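Structure data (compact mmCIF, C-alpha atoms and all ligand atoms) from my_file-v5.txt:
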```txt
# COMPACT_ATOMS: atom_id res chain seq x y z
CA MET Y 1021 10.02 -12.34 -5.17
CA ARG Y 1022 9.55 -10.93 -1.69
CA VAL Y 1023 9.27 -7.17 -1.69
CA VAL Y 1024 7.90 -4.30 0.37
CA PHE Y 1025 6.41 -1.17 -1.19
CA LEU Y 1026 7.13 1.83 1.01
CA GLY Y 1027 6.08 5.44 0.56
CA ALA Y 1028 3.62 8.09 1.67
CA PRO Y 1029 -0.11 7.61 1.00
CA GLY Y 1030 -0.95 8.41 -2.61
CA VAL Y 1031 2.43 7.59 -4.16
CA GLY Y 1032 0.92 4.72 -6.17
CA LYS Y 1033 2.03 1.71 -4.10
CA GLY Y 1034 -1.31 -0.08 -4.36
CA THR Y 1035 -1.70 0.44 -8.11
CA GLN Y 1036 1.82 -0.78 -8.79
CA ALA Y 1037 1.45 -3.67 -6.34
CA ASP Y 1038 -1.59 -4.92 -8.31
CA ARG Y 1039 0.39 -4.85 -11.53
CA ILE Y 1040 3.55 -6.44 -10.17
CA ALA Y 1041 1.52 -9.18 -8.47
CA ALA Y 1042 -0.21 -9.96 -11.78
CA GLN Y 1043 2.98 -9.82 -13.86
CA TYR Y 1044 5.12 -11.99 -11.58
CA GLN Y 1045 2.33 -14.19 -10.18
CA VAL Y 1046 2.96 -13.29 -6.56
CA ALA Y 1047 0.50 -12.39 -3.79
CA LYS Y 1048 -0.35 -8.78 -3.04
CA ILE Y 1049 -0.78 -8.21 0.68
CA SER Y 1050 -2.30 -4.80 1.34
CA THR Y 1051 -2.99 -4.09 5.01
CA GLY Y 1052 -5.25 -1.20 3.96
CA ASP Y 1053 -7.37 -3.58 1.82
CA LEU Y 1054 -7.45 -6.23 4.57
CA LEU Y 1055 -8.55 -3.64 7.13
CA ARG Y 1056 -11.20 -2.12 4.84
CA GLU Y 1057 -12.55 -5.63 4.24
CA ALA Y 1058 -12.73 -6.20 8.02
CA VAL Y 1059 -14.56 -2.86 8.43
CA ARG Y 1060 -17.07 -3.81 5.72
CA SER Y 1061 -17.67 -7.23 7.26
CA GLN Y 1062 -18.04 -5.58 10.67
CA THR Y 1063 -15.72 -8.05 12.39
CA THR Y 1064 -14.46 -7.21 15.89
CA LEU Y 1065 -11.13 -6.25 14.33
CA GLY Y 1066 -12.88 -4.09 11.73
CA LEU Y 1067 -14.91 -2.25 14.36
CA GLU Y 1068 -11.73 -1.53 16.31
CA ALA Y 1069 -9.82 -0.37 13.22
CA LYS Y 1070 -12.52 1.90 11.76
CA SER Y 1071 -12.13 4.91 14.02
CA TYR Y 1072 -8.35 5.00 13.51
CA MET Y 1073 -8.73 4.70 9.74
CA ASP Y 1074 -11.41 7.38 9.44
CA GLN Y 1075 -9.14 9.83 11.23
CA GLY Y 1076 -6.10 8.90 9.10
CA LYS Y 1077 -4.28 7.43 12.09
CA LEU Y 1078 -2.46 4.11 12.21
CA VAL Y 1079 -4.27 1.05 13.50
CA PRO Y 1080 -2.35 -0.40 16.52
CA ASP Y 1081 0.71 -2.46 15.60
CA ALA Y 1082 -0.51 -5.65 17.28
CA VAL Y 1083 -3.64 -5.71 15.07
CA VAL Y 1084 -1.87 -5.30 11.72
CA ILE Y 1085 1.07 -7.52 12.65
CA GLY Y 1086 -1.37 -10.34 13.46
CA LEU Y 1087 -3.16 -9.85 10.13
CA VAL Y 1088 0.05 -9.94 8.09
CA LYS Y 1089 1.57 -12.93 9.90
CA GLU Y 1090 -1.56 -14.94 9.20
CA LYS Y 1091 -1.50 -13.93 5.54
CA LEU Y 1092 2.18 -14.78 5.07
CA LEU Y 1093 1.46 -18.38 6.08
CA ASP Y 1094 -1.19 -18.67 3.37
CA PRO Y 1095 -0.17 -20.93 0.45
CA VAL Y 1096 -0.92 -18.03 -1.96
CA CYS Y 1097 2.36 -16.49 -0.74
CA ALA Y 1098 4.43 -19.57 -1.65
CA ASN Y 1099 5.63 -17.97 -4.89
CA GLY Y 1100 6.41 -14.65 -3.19
CA PHE Y 1101 4.60 -11.48 -2.19
CA VAL Y 1102 4.38 -7.73 -2.49
CA LEU Y 1103 3.63 -6.05 0.83
CA ASP Y 1104 1.70 -2.84 0.18
CA GLY Y 1105 1.42 -0.45 3.13
CA PHE Y 1106 3.15 -2.73 5.63
CA PRO Y 1107 5.37 -2.23 7.57
CA ARG Y 1108 4.51 1.35 8.53
CA THR Y 1109 6.34 1.58 11.87
CA VAL Y 1110 9.70 0.33 13.15
CA PRO Y 1111 8.03 -2.25 15.48
CA GLN Y 1112 6.11 -3.58 12.45
CA ALA Y 1113 9.36 -3.87 10.47
CA GLU Y 1114 10.99 -5.72 13.34
CA ALA Y 1115 8.01 -8.09 13.65
CA LEU Y 1116 8.14 -8.75 9.90
CA GLY Y 1117 11.87 -9.48 10.08
CA MET Y 1118 11.32 -11.97 12.89
CA ALA Y 1119 8.40 -13.68 11.14
CA LEU Y 1120 10.42 -14.10 7.93
CA THR Y 1121 13.50 -15.35 9.77
CA ALA Y 1122 11.32 -17.90 11.56
CA SER Y 1123 10.20 -19.16 8.12
CA GLY Y 1124 13.79 -19.16 6.83
CA ILE Y 1125 13.20 -16.47 4.21
CA THR Y 1126 14.45 -12.92 3.60
CA LEU Y 1127 13.21 -9.80 1.83
CA ASP Y 1128 14.69 -9.09 -1.61
CA ARG Y 1129 13.97 -5.39 -1.88
CA VAL Y 1130 12.11 -2.48 -0.23
CA VAL Y 1131 10.97 -0.06 -2.92
CA ASN Y 1132 10.70 3.53 -1.71
CA PHE Y 1133 8.26 5.40 -3.99
CA GLN Y 1134 8.97 9.13 -4.17
CA VAL Y 1135 6.37 11.71 -5.26
CA SER Y 1136 6.11 15.44 -4.39
CA ARG Y 1137 3.66 16.49 -1.66
CA GLU Y 1138 1.70 18.62 -4.12
CA ASP Y 1139 1.14 15.64 -6.43
CA ILE Y 1140 0.23 13.39 -3.50
CA VAL Y 1141 -2.54 15.73 -2.34
CA ARG Y 1142 -3.86 16.04 -5.92
CA ARG Y 1143 -3.82 12.26 -6.38
CA LEU Y 1144 -5.55 11.47 -3.09
CA SER Y 1145 -8.23 14.13 -3.16
CA GLY Y 1146 -9.36 13.10 -6.68
CA ARG Y 1147 -9.26 9.38 -6.00
CA ARG Y 1148 -12.46 7.33 -6.15
CA SER Y 1149 -12.55 3.70 -5.04
CA CYS Y 1150 -14.85 0.78 -5.68
CA GLN Y 1151 -16.33 -0.49 -2.43
CA LYS Y 1152 -16.67 -3.99 -3.81
CA CYS Y 1153 -13.51 -4.86 -5.82
CA GLN Y 1154 -11.19 -2.09 -4.51
CA ALA Y 1155 -10.36 -0.84 -8.04
CA THR Y 1156 -9.32 2.82 -8.00
CA PHE Y 1157 -10.06 5.66 -10.40
CA HIS Y 1158 -9.25 9.35 -10.51
CA MET Y 1159 -11.50 12.31 -11.31
CA ASP Y 1160 -8.79 13.91 -13.49
CA PHE Y 1161 -6.34 11.20 -14.59
CA ALA Y 1162 -8.28 7.94 -14.75
CA ARG Y 1163 -12.00 8.61 -15.04
CA PRO Y 1164 -14.36 5.61 -15.12
CA LYS Y 1165 -16.26 5.08 -18.40
CA VAL Y 1166 -19.56 5.79 -16.62
CA ASN Y 1167 -19.48 8.54 -14.01
CA GLU Y 1168 -19.10 7.21 -10.44
CA VAL Y 1169 -19.42 3.55 -11.57
CA CYS Y 1170 -16.65 0.92 -11.42
CA ASP Y 1171 -15.48 -0.22 -14.89
CA ARG Y 1172 -14.49 -3.58 -13.50
CA CYS Y 1173 -17.55 -4.73 -11.52
CA GLY Y 1174 -20.30 -2.11 -11.97
CA GLU Y 1175 -20.51 -1.15 -8.29
CA SER Y 1176 -20.75 2.54 -7.41
CA LEU Y 1177 -17.56 4.44 -6.64
CA VAL Y 1178 -17.00 6.34 -3.42
CA GLN Y 1179 -14.45 8.68 -1.98
CA ARG Y 1180 -12.66 6.85 0.84
CA SER Y 1181 -13.41 8.59 4.13
CA ASP Y 1182 -9.65 8.98 4.65
CA ASP Y 1183 -9.19 10.65 1.25
CA ARG Y 1184 -10.92 13.78 2.57
CA ARG Y 1185 -8.73 16.81 3.08
CA ASP Y 1186 -8.38 16.72 6.88
CA ALA Y 1187 -7.66 12.98 6.92
CA ILE Y 1188 -5.07 13.40 4.12
CA GLU Y 1189 -3.20 15.93 6.22
CA MET Y 1190 -3.25 13.61 9.22
CA ARG Y 1191 -2.05 10.65 7.10
CA LEU Y 1192 0.89 12.66 5.77
CA LYS Y 1193 1.82 13.78 9.27
CA VAL Y 1194 1.60 10.19 10.52
CA TYR Y 1195 3.76 9.10 7.58
CA ASP Y 1196 6.47 11.68 8.40
CA GLU Y 1197 6.51 10.77 12.07
CA GLN Y 1198 6.08 7.01 12.06
CA THR Y 1199 6.79 5.57 8.62
CA ALA Y 1200 9.55 7.76 7.15
CA PRO Y 1201 12.09 6.35 9.67
CA LEU Y 1202 11.76 3.04 7.82
CA VAL Y 1203 13.64 4.55 4.85
CA ARG Y 1204 16.77 4.70 6.95
CA TYR Y 1205 15.97 1.37 8.63
CA TYR Y 1206 15.98 -0.47 5.30
CA GLN Y 1207 18.81 1.60 3.85
CA GLU Y 1208 21.01 0.44 6.72
CA ARG Y 1209 20.10 -3.14 5.89
CA GLY Y 1210 21.05 -2.68 2.22
CA LEU Y 1211 17.52 -3.35 0.97
CA LEU Y 1212 16.29 0.08 -0.12
CA LEU Y 1213 15.48 0.76 -3.76
CA PRO Y 1214 14.49 4.44 -4.30
CA LEU Y 1215 12.03 4.85 -7.17
CA ASP Y 1216 10.63 7.98 -8.81
CA GLY Y 1217 6.85 7.51 -8.66
CA SER Y 1218 5.93 10.77 -10.35
CA GLY Y 1219 5.42 9.53 -13.94
CA THR Y 1220 2.39 7.87 -15.49
CA VAL Y 1221 1.23 4.54 -14.07
CA GLN Y 1222 2.65 2.78 -17.15
CA ALA Y 1223 6.03 4.55 -17.03
CA VAL Y 1224 6.49 3.83 -13.33
CA PHE Y 1225 5.44 0.23 -13.86
CA GLN Y 1226 7.97 -0.32 -16.65
CA HIS Y 1227 10.78 1.02 -14.56
CA LEU Y 1228 9.71 -0.93 -11.46
CA SER Y 1229 9.19 -4.15 -13.31
CA GLN Y 1230 12.75 -3.96 -14.75
CA GLU Y 1231 14.17 -3.33 -11.31
CA LEU Y 1232 12.31 -6.29 -9.82
CA ALA Y 1233 12.88 -8.74 -12.69
CA PRO Y 1234 16.00 -10.26 -11.04
CA TYR Y 1235 13.83 -11.46 -8.13
CA ARG Y 1236 11.16 -13.29 -10.12
CA ALA Y 1237 10.70 -16.98 -9.46
CA VAL Y 1238 12.56 -19.17 -11.94
P1 LIG N 1 -3.82 2.46 2.96
O1 LIG N 1 -4.90 1.87 2.12
O2 LIG N 1 -2.53 1.67 2.88
O3 LIG N 1 -3.61 3.93 2.70
O4 LIG N 1 -4.30 2.34 4.48
C1 LIG N 1 -5.48 2.97 4.92
C2 LIG N 1 -5.50 3.06 6.44
O5 LIG N 1 -5.44 1.73 6.99
C3 LIG N 1 -4.31 3.78 7.05
O6 LIG N 1 -4.47 5.19 7.07
C4 LIG N 1 -4.32 3.17 8.46
O7 LIG N 1 -5.36 3.71 9.25
C5 LIG N 1 -4.65 1.73 8.17
N1 LIG N 1 -3.43 0.93 7.90
C6 LIG N 1 -3.07 0.35 6.74
N2 LIG N 1 -1.89 -0.28 6.85
C7 LIG N 1 -1.50 -0.09 8.14
C8 LIG N 1 -0.34 -0.47 8.88
N3 LIG N 1 0.65 -1.19 8.32
N4 LIG N 1 -0.26 -0.08 10.17
C9 LIG N 1 -1.26 0.63 10.76
N5 LIG N 1 -2.35 1.04 10.12
C10 LIG N 1 -2.48 0.69 8.81
```

I'd like the structure from this file rewritten - as structure tokens, please.
Amino acid sequence: MRVVFLGAPGVGKGTQADRIAAQYQVAKISTGDLLREAVRSQTTLGLEAKSYMDQGKLVPDAVVIGLVKEKLLDPVCANGFVLDGFPRTVPQAEALGMALTASGITLDRVVNFQVSREDIVRRLSGRRSCQKCQATFHMDFARPKVNEVCDRCGESLVQRSDDRRDAIEMRLKVYDEQTAPLVRYYQERGLLLPLDGSGTVQAVFQHLSQELAPYRAV
């Protein structure tokens, strides 16, 4: 299974990518997670990426393309992968296409998650994330058992700096300008799978998992 999860911030790509990766035993590659890890570890790449991320802007293509190419060569991807949040620009999509062709493989599907703007803003502004294990919670829909503490690892929860109101607006603008053209890009290549992401996590997962079942490893 080699799939891309496409959609505006807050549509649920990351949550569904975790579940699909676990169900079908494939790797989840989230550029957002990789970049946040680099920021936490204060690597050169992380220091460069931080200011873009805090403002809700895209990190330069060359940086993320390098990260993803390295990850795709990792043996954990041998059984397949879910790309979450990559590609986000046409040059990234082209670089991905070339990297896969060079390895003699192709994408199976590009899932386009669709959720209304109103719901996206509600989802993002109430989101709380674990700094350590990246688990996500929501102040209204998925509260942790203990306030502000991660159920999974016990670390304290934080609001991502880019989940603040001004950064959310910037991220949506960036999505419209730079990422939305990928819908047409993948439609033209016959890969696009539109998916209603507005239901509960479980309902969306059931639907998605049925759609992706044909691509599981045999
Ligand atoms: P995400 O967790 O996918 O919402 O990503 C958080 C932030 O990381 C984005 O707002 C960007 O600043 C950066 N980022 C993640 N993926 C990419 C990408 N494919 N291209 C450029 N920047 C990215």

Proximity to Leu1078 of chain Y - best of Y:Glu1057, Y:Asp1160, Y:Glu1168, Y:Glu1197, all atoms listed in the file
Y:Glu1197

Could you name the residues that touch segment 1119-1127 of chain Y at 12 Å or less, counting only C-alpha atoms, but leaving out those on the same chain fewer than 3 positions away, as number ranges by chain?
Y: 1021-1025, 1085-1086, 1088-1093, 1097-1103, 1112-1116, 1130-1131, 1206, 1209-1212, 1235

Step by step, measure atom-to-atom distances between ligand LIG 1 (chain N) and each residue using only C-alpha atoms and all ligand atoms, keep those at most 9 Å, then write them as a PyMOL selection string.
chain Y and resi 1028-1030+1033-1034+1050-1056+1069-1081+1083-1085+1088+1104-1109+1112+1182-1183+1187-1188+1190-1191+1194

Take the residues from that selection and put them in a file with C-alpha atoms, as a PDB file, keeping the file's coordinate frame.
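Result file again.pdb:
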```
ATOM      1  CA  ALA Y1028       3.620   8.090   1.670  1.00  0.00           C
ATOM      2  CA  PRO Y1029      -0.110   7.610   1.000  1.00  0.00           C
ATOM      3  CA  GLY Y1030      -0.950   8.410  -2.610  1.00  0.00           C
ATOM      4  CA  LYS Y1033       2.030   1.710  -4.100  1.00  0.00           C
ATOM      5  CA  GLY Y1034      -1.310  -0.080  -4.360  1.00  0.00           C
ATOM      6  CA  SER Y1050      -2.300  -4.800   1.340  1.00  0.00           C
ATOM      7  CA  THR Y1051      -2.990  -4.090   5.010  1.00  0.00           C
ATOM      8  CA  GLY Y1052      -5.250  -1.200   3.960  1.00  0.00           C
ATOM      9  CA  ASP Y1053      -7.370  -3.580   1.820  1.00  0.00           C
ATOM     10  CA  LEU Y1054      -7.450  -6.230   4.570  1.00  0.00           C
ATOM     11  CA  LEU Y1055      -8.550  -3.640   7.130  1.00  0.00           C
ATOM     12  CA  ARG Y1056     -11.200  -2.120   4.840  1.00  0.00           C
ATOM     13  CA  ALA Y1069      -9.820  -0.370  13.220  1.00  0.00           C
ATOM     14  CA  LYS Y1070     -12.520   1.900  11.760  1.00  0.00           C
ATOM     15  CA  SER Y1071     -12.130   4.910  14.020  1.00  0.00           C
ATOM     16  CA  TYR Y1072      -8.350   5.000  13.510  1.00  0.00           C
ATOM     17  CA  MET Y1073      -8.730   4.700   9.740  1.00  0.00           C
ATOM     18  CA  ASP Y1074     -11.410   7.380   9.440  1.00  0.00           C
ATOM     19  CA  GLN Y1075      -9.140   9.830  11.230  1.00  0.00           C
ATOM     20  CA  GLY Y1076      -6.100   8.900   9.100  1.00  0.00           C
ATOM     21  CA  LYS Y1077      -4.280   7.430  12.090  1.00  0.00           C
ATOM     22  CA  LEU Y1078      -2.460   4.110  12.210  1.00  0.00           C
ATOM     23  CA  VAL Y1079      -4.270   1.050  13.500  1.00  0.00           C
ATOM     24  CA  PRO Y1080      -2.350  -0.400  16.520  1.00  0.00           C
ATOM     25  CA  ASP Y1081       0.710  -2.460  15.600  1.00  0.00           C
ATOM     26  CA  VAL Y1083      -3.640  -5.710  15.070  1.00  0.00           C
ATOM     27  CA  VAL Y1084      -1.870  -5.300  11.720  1.00  0.00           C
ATOM     28  CA  ILE Y1085       1.070  -7.520  12.650  1.00  0.00           C
ATOM     29  CA  VAL Y1088       0.050  -9.940   8.090  1.00  0.00           C
ATOM     30  CA  ASP Y1104       1.700  -2.840   0.180  1.00  0.00           C
ATOM     31  CA  GLY Y1105       1.420  -0.450   3.130  1.00  0.00           C
ATOM     32  CA  PHE Y1106       3.150  -2.730   5.630  1.00  0.00           C
ATOM     33  CA  PRO Y1107       5.370  -2.230   7.570  1.00  0.00           C
ATOM     34  CA  ARG Y1108       4.510   1.350   8.530  1.00  0.00           C
ATOM     35  CA  THR Y1109       6.340   1.580  11.870  1.00  0.00           C
ATOM     36  CA  GLN Y1112       6.110  -3.580  12.450  1.00  0.00           C
ATOM     37  CA  ASP Y1182      -9.650   8.980   4.650  1.00  0.00           C
ATOM     38  CA  ASP Y1183      -9.190  10.650   1.250  1.00  0.00           C
ATOM     39  CA  ALA Y1187      -7.660  12.980   6.920  1.00  0.00           C
ATOM     40  CA  ILE Y1188      -5.070  13.400   4.120  1.00  0.00           C
ATOM     41  CA  MET Y1190      -3.250  13.610   9.220  1.00  0.00           C
ATOM     42  CA  ARG Y1191      -2.050  10.650   7.100  1.00  0.00           C
ATOM     43  CA  VAL Y1194       1.600  10.190  10.520  1.00  0.00           C
TER      44      VAL Y1194
END
```

Can you pull out every residue within 8 Å of Cys1150 of chain Y, counting all atoms listed in the file, but drop anything in the same chain fewer than 5 positions away, and send it as a list of chain:residue names?
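Counting only the stated atoms, we get Y:Ala1155, Y:Thr1156, Y:Val1169, Y:Cys1170, Y:Glu1175, Y:Ser1176, Y:Leu1177, Y:Val1178.
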
Suppose you want the space between atom CA of Gln1036 of chain Y and atom CA of Phe1225 of chain Y; what is it in Å?
6.3 Å

Using all atoms listed in the file, which of the listed residues (Y:Leu1213, Y:Thr1199, Y:Phe1133, Y:Val1059) sits closest to Ala1037 of chain Y?
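Smallest distance to Ala1037 of chain Y is found for Y:Phe1133.
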
Quick one, how far is atom CA of Ile1140 of chain Y from atom CA of Gly1032 of chain Y?
9.1 Å

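Nearest residue to Glu1189 of chain Y, choosing from Y:Arg1129, Y:Arg1204, Y:His1227, Y:Arg1137 and counting all atoms listed in the file: Y:Arg1137.
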
Choose the residue, out of Y:Cys1173, Y:Val1046, Y:Ala1223, Y:Leu1215, that has the smallest atom-to-atom separation from Arg1236 of chain Y; count all atoms listed in the file.
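Closest residue, counting all atoms listed in the file: Y:Val1046.
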